[in-house]
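S.K.: My structure is in coords15.pdb, and what it holds is PDB, C-alpha atoms:
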```pdb
ATOM      1  CA  LYS F   1      35.895  48.213 140.576  1.00  0.00           C
ATOM      2  CA  TYR F   2      33.220  50.020 138.600  1.00  0.00           C
ATOM      3  CA  ASP F   3      30.191  49.168 140.773  1.00  0.00           C
ATOM      4  CA  TYR F   4      29.889  51.804 143.463  1.00  0.00           C
ATOM      5  CA  ALA F   5      27.825  54.476 145.163  1.00  0.00           C
ATOM      6  CA  GLU F   6      29.621  57.647 146.143  1.00  0.00           C
ATOM      7  CA  ILE F   7      28.777  60.608 148.372  1.00  0.00           C
ATOM      8  CA  ASN F   8      30.757  63.744 147.563  1.00  0.00           C
ATOM      9  CA  TYR F   9      31.248  67.258 148.806  1.00  0.00           C
ATOM     10  CA  GLN F  10      32.216  69.651 146.019  1.00  0.00           C
ATOM     11  CA  HIS F  11      33.588  73.182 146.018  1.00  0.00           C
ATOM     12  CA  ILE F  12      33.788  75.257 142.834  1.00  0.00           C
ATOM     13  CA  SER F  13      35.802  78.461 142.855  1.00  0.00           C
ATOM     14  CA  PRO F  14      35.763  80.477 139.645  1.00  0.00           C
ATOM     15  CA  GLN F  15      38.500  82.928 138.754  1.00  0.00           C
ATOM     16  CA  THR F  16      35.880  85.673 138.904  1.00  0.00           C
ATOM     17  CA  GLY F  17      32.606  85.534 140.798  1.00  0.00           C
ATOM     18  CA  ASP F  18      31.352  83.735 143.845  1.00  0.00           C
ATOM     19  CA  SER F  19      32.236  80.205 144.944  1.00  0.00           C
ATOM     20  CA  SER F  20      29.717  77.367 145.044  1.00  0.00           C
ATOM     21  CA  LYS F  21      29.627  74.321 147.288  1.00  0.00           C
ATOM     22  CA  GLY F  22      27.378  71.411 148.110  1.00  0.00           C
ATOM     23  CA  PRO F  23      26.778  67.669 148.156  1.00  0.00           C
ATOM     24  CA  ALA F  24      26.608  65.229 145.257  1.00  0.00           C
ATOM     25  CA  ILE F  25      25.964  61.537 144.767  1.00  0.00           C
ATOM     26  CA  ASP F  26      27.359  59.300 142.007  1.00  0.00           C
ATOM     27  CA  LEU F  27      26.344  55.793 141.014  1.00  0.00           C
ATOM     28  CA  SER F  28      28.041  53.358 138.670  1.00  0.00           C
ATOM     29  CA  TYR F  29      26.793  49.886 137.797  1.00  0.00           C
ATOM     30  CA  THR F  30      28.256  47.394 135.310  1.00  0.00           C
ATOM     31  CA  VAL F  31      25.918  45.530 132.969  1.00  0.00           C
ATOM     32  CA  PRO F  32      27.930  42.328 132.425  1.00  0.00           C
ATOM     33  CA  GLU F  33      26.001  41.212 129.328  1.00  0.00           C
ATOM     34  CA  LEU F  34      26.776  44.508 127.565  1.00  0.00           C
ATOM     35  CA  GLY F  35      30.237  45.185 128.996  1.00  0.00           C
ATOM     36  CA  ILE F  36      29.356  48.802 129.840  1.00  0.00           C
ATOM     37  CA  GLN F  37      28.709  50.777 132.986  1.00  0.00           C
ATOM     38  CA  LEU F  38      25.549  52.778 133.621  1.00  0.00           C
ATOM     39  CA  LEU F  39      26.315  56.111 135.291  1.00  0.00           C
ATOM     40  CA  GLY F  40      24.191  58.596 137.169  1.00  0.00           C
ATOM     41  CA  SER F  41      24.836  61.557 139.417  1.00  0.00           C
ATOM     42  CA  TYR F  42      23.019  64.375 141.133  1.00  0.00           C
ATOM     43  CA  GLY F  43      24.579  67.468 142.684  1.00  0.00           C
ATOM     44  CA  LYS F  44      23.281  70.496 144.525  1.00  0.00           C
ATOM     45  CA  LEU F  45      25.355  73.667 144.647  1.00  0.00           C
ATOM     46  CA  ASP F  46      24.654  76.802 146.650  1.00  0.00           C
ATOM     47  CA  THR F  47      26.223  80.159 145.866  1.00  0.00           C
ATOM     48  CA  SER F  48      25.903  83.246 148.037  1.00  0.00           C
ATOM     49  CA  THR F  49      25.924  86.407 145.945  1.00  0.00           C
ATOM     50  CA  THR F  50      25.276  90.061 146.601  1.00  0.00           C
ATOM     51  CA  ALA F  51      21.995  89.654 144.665  1.00  0.00           C
ATOM     52  CA  GLY F  52      20.900  86.693 146.831  1.00  0.00           C
ATOM     53  CA  GLY F  53      21.503  82.963 146.770  1.00  0.00           C
ATOM     54  CA  VAL F  54      21.800  80.894 143.611  1.00  0.00           C
ATOM     55  CA  ASN F  55      20.810  77.236 143.858  1.00  0.00           C
ATOM     56  CA  GLU F  56      21.867  74.720 141.246  1.00  0.00           C
ATOM     57  CA  HIS F  57      20.474  71.236 140.813  1.00  0.00           C
ATOM     58  CA  ASP F  58      22.465  69.248 138.265  1.00  0.00           C
ATOM     59  CA  TYR F  59      22.098  65.665 137.155  1.00  0.00           C
ATOM     60  CA  GLN F  60      23.686  63.496 134.524  1.00  0.00           C
ATOM     61  CA  ILE F  61      23.045  60.007 133.213  1.00  0.00           C
ATOM     62  CA  GLY F  62      24.971  57.986 130.688  1.00  0.00           C
ATOM     63  CA  ILE F  63      27.217  55.095 129.842  1.00  0.00           C
ATOM     64  CA  ARG F  64      30.900  54.237 130.189  1.00  0.00           C
ATOM     65  CA  GLY F  65      32.941  51.868 128.122  1.00  0.00           C
ATOM     66  CA  GLU F  66      36.310  50.750 129.445  1.00  0.00           C
ATOM     67  CA  ASN F  67      39.241  48.962 127.963  1.00  0.00           C
ATOM     68  CA  ALA F  68      41.951  47.265 130.006  1.00  0.00           C
ATOM     69  CA  PHE F  69      45.542  48.175 129.266  1.00  0.00           C
ATOM     70  CA  GLY F  70      47.466  45.735 131.398  1.00  0.00           C
ATOM     71  CA  ASP F  71      46.408  44.367 134.773  1.00  0.00           C
ATOM     72  CA  ASN F  72      46.334  47.700 136.606  1.00  0.00           C
ATOM     73  CA  THR F  73      45.290  50.289 134.005  1.00  0.00           C
ATOM     74  CA  ASP F  74      41.984  51.003 132.237  1.00  0.00           C
ATOM     75  CA  PHE F  75      41.105  53.578 129.622  1.00  0.00           C
ATOM     76  CA  TYR F  76      37.484  54.708 129.668  1.00  0.00           C
ATOM     77  CA  THR F  77      35.046  56.777 127.638  1.00  0.00           C
ATOM     78  CA  ASP F  78      31.937  58.384 129.125  1.00  0.00           C
ATOM     79  CA  ILE F  79      28.979  59.683 127.133  1.00  0.00           C
ATOM     80  CA  LEU F  80      26.585  61.555 129.419  1.00  0.00           C
ATOM     81  CA  TYR F  81      23.369  63.556 129.153  1.00  0.00           C
ATOM     82  CA  LEU F  82      23.566  66.729 131.294  1.00  0.00           C
ATOM     83  CA  ASN F  83      20.774  68.744 132.879  1.00  0.00           C
ATOM     84  CA  GLN F  84      21.733  71.868 134.812  1.00  0.00           C
ATOM     85  CA  ARG F  85      19.081  73.987 136.533  1.00  0.00           C
ATOM     86  CA  SER F  86      19.883  77.281 138.281  1.00  0.00           C
ATOM     87  CA  THR F  87      17.476  79.284 140.424  1.00  0.00           C
ATOM     88  CA  LEU F  88      17.943  82.876 141.574  1.00  0.00           C
ATOM     89  CA  GLY F  89      14.878  84.235 143.325  1.00  0.00           C
ATOM     90  CA  ALA F  90      11.890  83.589 141.047  1.00  0.00           C
ATOM     91  CA  ASN F  91      14.043  83.057 137.939  1.00  0.00           C
ATOM     92  CA  THR F  92      14.929  79.536 136.854  1.00  0.00           C
ATOM     93  CA  ASN F  93      17.240  78.657 133.972  1.00  0.00           C
ATOM     94  CA  THR F  94      17.717  75.120 132.602  1.00  0.00           C
ATOM     95  CA  ASP F  95      20.522  74.032 130.295  1.00  0.00           C
ATOM     96  CA  ASN F  96      20.643  70.580 128.669  1.00  0.00           C
ATOM     97  CA  GLY F  97      23.426  69.014 126.696  1.00  0.00           C
ATOM     98  CA  TYR F  98      25.931  66.213 126.790  1.00  0.00           C
ATOM     99  CA  ARG F  99      29.457  65.421 127.927  1.00  0.00           C
ATOM    100  CA  LEU F 100      32.188  63.370 126.307  1.00  0.00           C
ATOM    101  CA  GLU F 101      34.984  62.291 128.647  1.00  0.00           C
ATOM    102  CA  LEU F 102      38.142  60.271 128.049  1.00  0.00           C
ATOM    103  CA  GLY F 103      40.008  58.988 131.052  1.00  0.00           C
ATOM    104  CA  LEU F 104      42.625  56.717 132.539  1.00  0.00           C
ATOM    105  CA  ARG F 105      42.392  54.785 135.815  1.00  0.00           C
ATOM    106  CA  HIS F 106      45.527  53.212 137.247  1.00  0.00           C
ATOM    107  CA  ARG F 107      45.794  51.053 140.355  1.00  0.00           C
ATOM    108  CA  VAL F 108      49.124  51.920 141.968  1.00  0.00           C
ATOM    109  CA  ASN F 109      48.755  49.113 144.533  1.00  0.00           C
ATOM    110  CA  ASN F 110      45.925  47.249 146.295  1.00  0.00           C
ATOM    111  CA  ARG F 111      44.843  50.399 148.151  1.00  0.00           C
ATOM    112  CA  ILE F 112      45.611  53.404 145.914  1.00  0.00           C
ATOM    113  CA  GLU F 113      44.100  54.272 142.540  1.00  0.00           C
ATOM    114  CA  VAL F 114      44.689  57.404 140.462  1.00  0.00           C
ATOM    115  CA  ASP F 115      42.333  58.777 137.829  1.00  0.00           C
ATOM    116  CA  ALA F 116      42.926  61.421 135.148  1.00  0.00           C
ATOM    117  CA  SER F 117      40.515  62.637 132.474  1.00  0.00           C
ATOM    118  CA  LEU F 118      39.811  65.173 129.742  1.00  0.00           C
ATOM    119  CA  ALA F 119      36.209  66.173 129.055  1.00  0.00           C
ATOM    120  CA  ARG F 120      34.105  68.438 126.876  1.00  0.00           C
ATOM    121  CA  ASP F 121      30.661  69.649 127.961  1.00  0.00           C
ATOM    122  CA  TYR F 122      28.361  70.606 125.107  1.00  0.00           C
ATOM    123  CA  LEU F 123      25.990  73.139 126.698  1.00  0.00           C
ATOM    124  CA  THR F 124      25.051  76.749 125.990  1.00  0.00           C
ATOM    125  CA  ASN F 125      28.419  77.700 127.516  1.00  0.00           C
ATOM    126  CA  SER F 126      30.474  74.696 126.442  1.00  0.00           C
ATOM    127  CA  ARG F 127      33.656  74.004 128.321  1.00  0.00           C
ATOM    128  CA  ASN F 128      36.723  71.784 128.321  1.00  0.00           C
ATOM    129  CA  GLN F 129      37.931  70.260 131.568  1.00  0.00           C
ATOM    130  CA  ALA F 130      41.013  68.415 132.814  1.00  0.00           C
ATOM    131  CA  ALA F 131      40.782  66.458 136.075  1.00  0.00           C
ATOM    132  CA  VAL F 132      42.979  64.342 138.311  1.00  0.00           C
ATOM    133  CA  GLY F 133      42.099  62.401 141.441  1.00  0.00           C
ATOM    134  CA  MET F 134      43.138  59.721 143.878  1.00  0.00           C
ATOM    135  CA  ILE F 135      41.105  57.092 145.722  1.00  0.00           C
ATOM    136  CA  PHE F 136      42.368  55.294 148.829  1.00  0.00           C
ATOM    137  CA  ASN F 137      40.617  51.934 149.323  1.00  0.00           C
ATOM    138  CA  ALA F 138      40.488  51.627 153.107  1.00  0.00           C
ATOM    139  CA  THR F 139      38.770  48.212 152.804  1.00  0.00           C
ATOM    140  CA  ASP F 140      37.459  46.089 149.940  1.00  0.00           C
ATOM    141  CA  HIS F 141      34.106  47.907 150.223  1.00  0.00           C
ATOM    142  CA  LEU F 142      34.952  51.455 151.361  1.00  0.00           C
ATOM    143  CA  ALA F 143      37.189  54.158 149.884  1.00  0.00           C
ATOM    144  CA  VAL F 144      37.923  57.858 150.358  1.00  0.00           C
ATOM    145  CA  GLY F 145      39.320  60.192 147.764  1.00  0.00           C
ATOM    146  CA  LEU F 146      40.077  63.678 146.591  1.00  0.00           C
ATOM    147  CA  SER F 147      39.908  65.128 143.086  1.00  0.00           C
ATOM    148  CA  TYR F 148      40.723  68.409 141.388  1.00  0.00           C
ATOM    149  CA  ALA F 149      39.484  69.738 138.039  1.00  0.00           C
ATOM    150  CA  ARG F 150      40.086  72.924 136.059  1.00  0.00           C
ATOM    151  CA  ASP F 151      38.252  74.099 132.979  1.00  0.00           C
ATOM    152  CA  ASN F 152      38.913  76.581 130.191  1.00  0.00           C
ATOM    153  CA  LEU F 153      36.647  79.145 131.949  1.00  0.00           C
ATOM    154  CA  HIS F 154      39.177  79.033 134.834  1.00  0.00           C
ATOM    155  CA  ASP F 155      36.814  77.314 137.275  1.00  0.00           C
ATOM    156  CA  ASN F 156      38.565  75.151 139.872  1.00  0.00           C
ATOM    157  CA  THR F 157      36.625  72.257 141.348  1.00  0.00           C
ATOM    158  CA  THR F 158      37.743  70.209 144.338  1.00  0.00           C
ATOM    159  CA  MET F 159      35.796  67.207 145.541  1.00  0.00           C
ATOM    160  CA  LEU F 160      36.039  65.051 148.653  1.00  0.00           C
ATOM    161  CA  ARG F 161      34.688  61.531 148.037  1.00  0.00           C
ATOM    162  CA  LEU F 162      33.354  58.681 150.149  1.00  0.00           C
ATOM    163  CA  ARG F 163      32.804  55.582 148.001  1.00  0.00           C
ATOM    164  CA  GLY F 164      31.145  52.280 148.794  1.00  0.00           C
ATOM    165  CA  TYR F 165      31.688  49.342 146.424  1.00  0.00           C
ATOM    166  CA  PHE F 166      28.998  46.720 145.891  1.00  0.00           C
TER     167      PHE F 166
END
```
For the file at hand, write its structure as structure tokens.
M.R.:
Amino acid sequence: KYDYAEINYQHISPQTGDSSKGPAIDLSYTVPELGIQLLGSYGKLDTSTTAGGVNEHDYQIGIRGENAFGDNTDFYTDILYLNQRSTLGANTNTDNGYRLELGLRHRVNNRIEVDASLARDYLTNSRNQAAVGMIFNATDHLAVGLSYARDNLHDNTTMLRLRGYF
């Protein structure tokens, strides 16, 4: 199912530097006439540093195309616009760019789905990312999940998900 709203809690731990954590929301809606999904997300990360707190407000919007490969497997491609804004004290920095992501979703059974993807963010500090996750569909309308991602800058991101399908 590609129509959902999701509330997440994310934790990013870089190889060097301070960890960040905070909430995020994701939305996905299928436009049947076009055969694509519209995507949007917003996340807020807080980082405690010796110089004070850094606050990040990130959002992304875009589209997803998917292609079925059998009854239980889909390949997908995301093209997203990214906006990342960081604030430290009175200084604010904004970075805009885009993301290209290729992924695979596979339904193991009626309740469990796994997801794996490779992505490239085109920003001032571009990065490559590999991610894997699992969603457990507790009911037809509610799911919980966990995902893990690692990028070429050695950042590790874990995310706890609560998804509602509509």
S.K.: Fewer than 5 positions away in the same chain doesn't count, so skip those; otherwise give me all residues within 8 Å of region 121-124 of chain F, counting all atoms listed in the file, as a ChimeraX atom specification.
M.R.: /F:95-100
S.K.: Restricting the output to C-alpha atoms, write the selected residues as a short mmCIF file (atom, residue, chain, number, x, y, z; two decimals), keeping the file's coordinate frame.
M.R.:
```
data_model
loop_
_atom_site.label_atom_id
_atom_site.label_comp_id
_atom_site.auth_asym_id
_atom_site.auth_seq_id
_atom_site.Cartn_x
_atom_site.Cartn_y
_atom_site.Cartn_z
CA ASP F 95 20.52 74.03 130.29
CA ASN F 96 20.64 70.58 128.67
CA GLY F 97 23.43 69.01 126.70
CA TYR F 98 25.93 66.21 126.79
CA ARG F 99 29.46 65.42 127.93
CA LEU F 100 32.19 63.37 126.31
#
```
S.K.: Point out the residue among F:Thr73, F:Asn110, F:Asn152, F:Ser20 with the least atom-to-atom distance to Ala138 (chain F), counting only C-alpha atoms.
M.R.: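 Once distances to Ala138 (chain F) are computed over only C-alpha atoms, the minimum belongs to F:Asn110.
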S.K.: With distances taken over only C-alpha atoms, which of F:Lys44, F:Ile135, F:Leu34, F:Arg85 is nearest to Val108 (chain F)?
M.R.: F:Ile135
S.K.: Looking at F:Ile63, F:Leu39, F:Met134, F:Ile79, which one is nearest to Asp26 (chain F), with distances taken over all atoms listed in the file?
M.R.: F:Leu39
S.K.: Identify the residues within 8 Å of coordinate (37.4, 54.1, 128.1) (same frame as the file), considering all atoms listed in the file, and give the answer as a list in words.
M.R.: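 It turns out the residues near that spot are Arg64, Gly65, Glu66, Asn67, Asp74, Phe75, Tyr76, Thr77, Asp78, Leu102, Gly103 and Leu104 of chain F.
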S.K.: Which one of F:Glu56, F:Asp18, F:Asp140, F:Asp46 sits closest to Arg111 (chain F) if you count all atoms listed in the file?
M.R.: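 Distance minimum relative to Arg111 (chain F) lands on F:Asp140.
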S.K.: Could you jot down the CA of Glu113 (chain F) to CA of Phe136 (chain F) separation for me, Å, one decimal place?
M.R.: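 Going from CA of Glu113 (chain F) over to CA of Phe136 (chain F), I get 6.6 Å.
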S.K.: When you draw a straight line from CA of Tyr165 (chain F) to CA of Leu82 (chain F), how long is it in Å?
M.R.: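 Computing the Euclidean distance for CA of Tyr165 (chain F) and CA of Leu82 (chain F) yields 24.4 Å.
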S.K.: In Å, rounded to a single decimal, give me how far CA of Asn93 (chain F) is from CA of Asp58 (chain F).
M.R.: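 Those two atoms sit 11.6 Å apart.
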S.K.: On this structure, which residues satisfy the PyMOL selection byres ((chain F and resi 27) around 7), written as a list in words?
M.R.: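 After applying the PyMOL selection byres ((chain F and resi 27) around 7), what remains is Tyr4, Ala5, Glu6, Ile25, Asp26, Ser28, Tyr29, Leu39, Gly40 and Ser41 of chain F.
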S.K.: Could those selected residues go to a file with C-alpha atoms, as a CSV table (one decimal), in the coordinates of the input?
M.R.:
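Here's the written file out-v6.csv:
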```
chain,number,residue,atom,x,y,z
F,4,TYR,CA,29.9,51.8,143.5
F,5,ALA,CA,27.8,54.5,145.2
F,6,GLU,CA,29.6,57.6,146.1
F,25,ILE,CA,26.0,61.5,144.8
F,26,ASP,CA,27.4,59.3,142.0
F,28,SER,CA,28.0,53.4,138.7
F,29,TYR,CA,26.8,49.9,137.8
F,39,LEU,CA,26.3,56.1,135.3
F,40,GLY,CA,24.2,58.6,137.2
F,41,SER,CA,24.8,61.6,139.4
```
S.K.: Would you give the centre and edge lengths, in Å to one decimal, of a box along x, y and z around the listed atoms of region 71-74 of chain F, with 8 Å added to each side, as JSON?
M.R.:
```
{"center_x": 44.2, "center_y": 47.7, "center_z": 134.4, "size_x": 20.4, "size_y": 22.6, "size_z": 20.4}
```
S.K.: Using all atoms listed in the file, give me every residue within 12 Å of (23.9, 76.8, 146.6) in file coordinates, as a ChimeraX atom specification.
M.R.: /F:10-12,18-24,43-49,52-58,85-88
S.K.: Identify which of the residues F:Asn91, F:Ser126, F:Gln37, F:Gln84 lies closest to Leu153 (chain F), counting only C-alpha atoms when measuring atom-to-atom distances.
M.R.: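 Of F:Asn91, F:Ser126, F:Gln37, F:Gln84, the one nearest Leu153 (chain F), counting only C-alpha atoms, is F:Ser126.
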